[in-house]
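Novice: Pasting a structure below so you can have a look.
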Amino acid sequence: MSSALTDLLPLPIVQAPMAGGVSVPQLAAAVSEAGGLGFLAAGYKTADGMYQEIKQLRGLTGRPFGVNVFMPQPEHHGAVTGPTGAAAAPPSGAVEVYAHQLAGEAAWYETELGDPDSGRDDGYDAKLAVLLDNPVPVVSFHFGVPSREVFDKLRRAGTFTLVTATTAEEARAVERAGADAVIAQGVEAGGHQGTHRDLPENDGSGIGLLSLVTQIRQAVRLPVVAAGGIMRGSQIAAVLAAGASAAQLGTAFLATHESGASTEHKRALTDPLFARTELTRAFSGRPARALVNRFLREHGPYAPAAYPEVHHLTAPLRKAAAKAGDAQGMALWAGQGHRMARELPAGRLVELLAEELDAVRTALSTGGDVR
């Protein structure tokens, strides 16, 4: 499996799939062309929307790439998200209470709140059908573990599979289900934590990346891709030394020229006004790391554990804030290393990361200074 993963990666650099319009085909193509592994994010898209992006990406590069799929979310009465257990139910009426709290935001942005009951499966079955009919080199899964049958079908189609895990227990579930590799996501990561089930203790108690990579390496025999807060080649060297086969970077690519992120989002990564990140349920109802802004401060403490209901509820607010160029009302997803973001072409960033990685390897082999 490690050799299969290495064959897909001339360089041990994976561009994280960032849903919400960031991971556009141009970004994925630039990363893959430079020797990394570019990724499309199918989350929040229709199956046809995903297929159109795959076709566009194939027109831009002949190199391997990946597509990320969100797992369906269970009903809150205790259905499971996979092999690891049941979902936690939000208090009755919690979403309605949160909607009432957000009424002032809707009035401010002159928009309506979204319908929280807009769906829980994110078109999962339809997307799998497309990926089986038109196989891509790599597929990864977030928010849970597919069945063994799904992995078997994708393997027969020639697709390499990965699943995000945030604990050693989750990594063991990934291995039991039959995935080819596991993405170890440390708590430093920007955006949504890829926990297999959403429980109250998910708020802020995650495991740091280096510790997590070591724990998962001891727990499973699968290749590990390390994700969370990685912004420099020296950090890639660190996770490789810890036993990872590759590093996945999201925030580092968010600021690149090809990224589909808004100008306000890119600028906020290094703006002193946004000094830190925090895990919050404010925007989606599920723990996700974002730059601390007004919306997060005012609503984060009251947001219920209700994904994707809260995501659907706040979607028009976030869209209106972005249209108005108001970074204080946007979901500014970012990892803990956001201040190290570099505004470069994506291909140049891959080259620079590879140069930094080589410099560390050379310094270690010669006893030089590692910076």
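Residues in the structure tokens are named by chain (A, B, ... in the order shown) and by number from 1 within that chain; ligands are numbered from 1 in the order shown.
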Where in range 2-196 of chain A does DSSP assign helix (DSSP H, G or I), given as a PyMOL selection string?
Specialist: chain A and resi 2-8+25-33+47-58+94-101+103-108+124-133+148-156+168-177
Novice: Using the chain letters and numbers from this document, which residues of range 83-246 of chain A does DSSP assign to strand (DSSP E), as a list in words?
Specialist: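 Checking each residue of range 83-246 of chain A, the strand (DSSP E) ones are Val138, Val139, Ser140, Phe141, His142, Phe160, Thr161, Leu162, Val163, Thr164, Ala165, Ala181, Val182, Ile183, Ala184, Gln185, Gly191, His192, Val224, Val225, Ala226, Ala227 and Ala246 of chain A.
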Novice: Using only C-alpha atoms, find each residue of range 257-303 of chain A with at least one atom at most 10 Å away from an atom of range 204-216 of chain A; report its shortest atom-to-atom pair and that distance in Å (one decimal), sort the rows by chain and rising residue number, and return the result as a tab-separated table.
Specialist:
residue	atom	partner	partner_atom	distance
A:Glu278	CA	A:Gly204	CA	8.2
A:Leu279	CA	A:Gly204	CA	6.2
A:Thr280	CA	A:Gly204	CA	8.7
A:Pro287	CA	A:Gly204	CA	8.2
A:Ala288	CA	A:Gly204	CA	9.7
A:Arg289	CA	A:Gly204	CA	9.5
Novice: Pick out the closest residue to Val97 in chain A from this set: A:Pro304, A:Leu269, A:Glu351, A:Asp152. Count only C-alpha atoms.
Specialist: A:Pro304
Novice: Contacts of range 257-264 of chain A at 12 Å or less, counting only C-alpha atoms, minus same-chain residues fewer than 2 places along, as a short mmCIF file (atom, residue, chain, number, x, y, z; two decimals) with C-alpha atoms, in the first residue's frame?
Specialist:
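Contents of part_29.cif, freshly written:
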data_model
loop_
_atom_site.label_atom_id
_atom_site.label_comp_id
_atom_site.auth_asym_id
_atom_site.auth_seq_id
_atom_site.Cartn_x
_atom_site.Cartn_y
_atom_site.Cartn_z
CA GLN A 15 -3.28 19.54 -1.32
CA ALA A 16 -6.15 19.16 1.12
CA PRO A 17 -9.68 19.16 -0.32
CA MET A 18 -11.34 22.33 0.96
CA ALA A 19 -15.10 22.44 0.40
CA GLY A 20 -17.01 25.63 -0.21
CA GLY A 21 -15.37 26.66 -3.46
CA VAL A 22 -11.68 26.75 -2.49
CA SER A 23 -10.43 23.53 -4.11
CA VAL A 24 -11.20 24.43 -7.71
CA PRO A 25 -9.88 22.41 -10.69
CA GLN A 26 -7.22 25.05 -11.43
CA LEU A 27 -5.72 24.62 -7.96
CA ALA A 28 -5.74 20.83 -8.06
CA ALA A 29 -4.21 20.81 -11.53
CA ALA A 30 -1.40 23.18 -10.57
CA VAL A 31 -0.49 21.04 -7.54
CA GLY A 38 -4.21 17.89 -6.10
CA PHE A 39 -7.69 17.32 -4.69
CA LEU A 40 -11.22 18.36 -5.58
CA ALA A 41 -13.78 18.76 -2.78
CA GLY A 250 -4.86 22.97 3.30
CA THR A 251 -4.34 26.47 4.68
CA ALA A 252 -0.98 26.70 2.90
CA PHE A 253 -2.78 26.33 -0.45
CA LEU A 254 -5.76 28.49 0.52
CA ALA A 255 -3.67 31.61 -0.05
CA LYS A 266 -6.91 35.10 1.76
CA ARG A 267 -6.08 38.51 3.23
CA ALA A 268 -7.38 37.54 6.68
CA LEU A 269 -4.85 34.69 7.01
CA THR A 270 -2.02 37.15 7.65
CA ASP A 271 -4.03 40.17 8.85
CA PHE A 274 -7.27 37.99 13.07
CA ARG A 318 -22.14 33.39 4.98
CA LYS A 319 -22.87 33.95 1.30
CA ALA A 321 -21.24 38.36 4.16
CA ALA A 322 -18.85 37.21 1.41
CA LYS A 323 -20.78 39.19 -1.20
CA ALA A 324 -20.55 42.27 1.02
CA GLY A 325 -16.81 41.71 1.57
CA ASP A 326 -17.44 41.49 5.32
CA ALA A 327 -14.80 39.18 6.78
CA GLN A 328 -16.40 39.55 10.23
CA GLY A 329 -19.41 37.53 9.09
CA MET A 330 -17.63 34.88 7.02
CA ALA A 331 -16.45 31.40 7.94
CA LEU A 332 -12.70 32.06 7.75
CA TRP A 333 -11.49 28.47 7.91
CA ALA A 334 -7.79 28.32 8.79
CA ALA A 341 0.63 31.57 4.57
CA ARG A 342 2.40 32.59 1.35
CA GLU A 343 0.62 34.17 -1.60
CA LEU A 344 2.25 32.29 -4.46
CA PRO A 345 1.21 30.32 -7.51
CA ALA A 346 0.30 26.83 -6.28
CA GLY A 347 2.95 25.14 -8.40
CA ARG A 348 5.64 27.44 -7.05
CA LEU A 349 4.50 26.69 -3.49
#
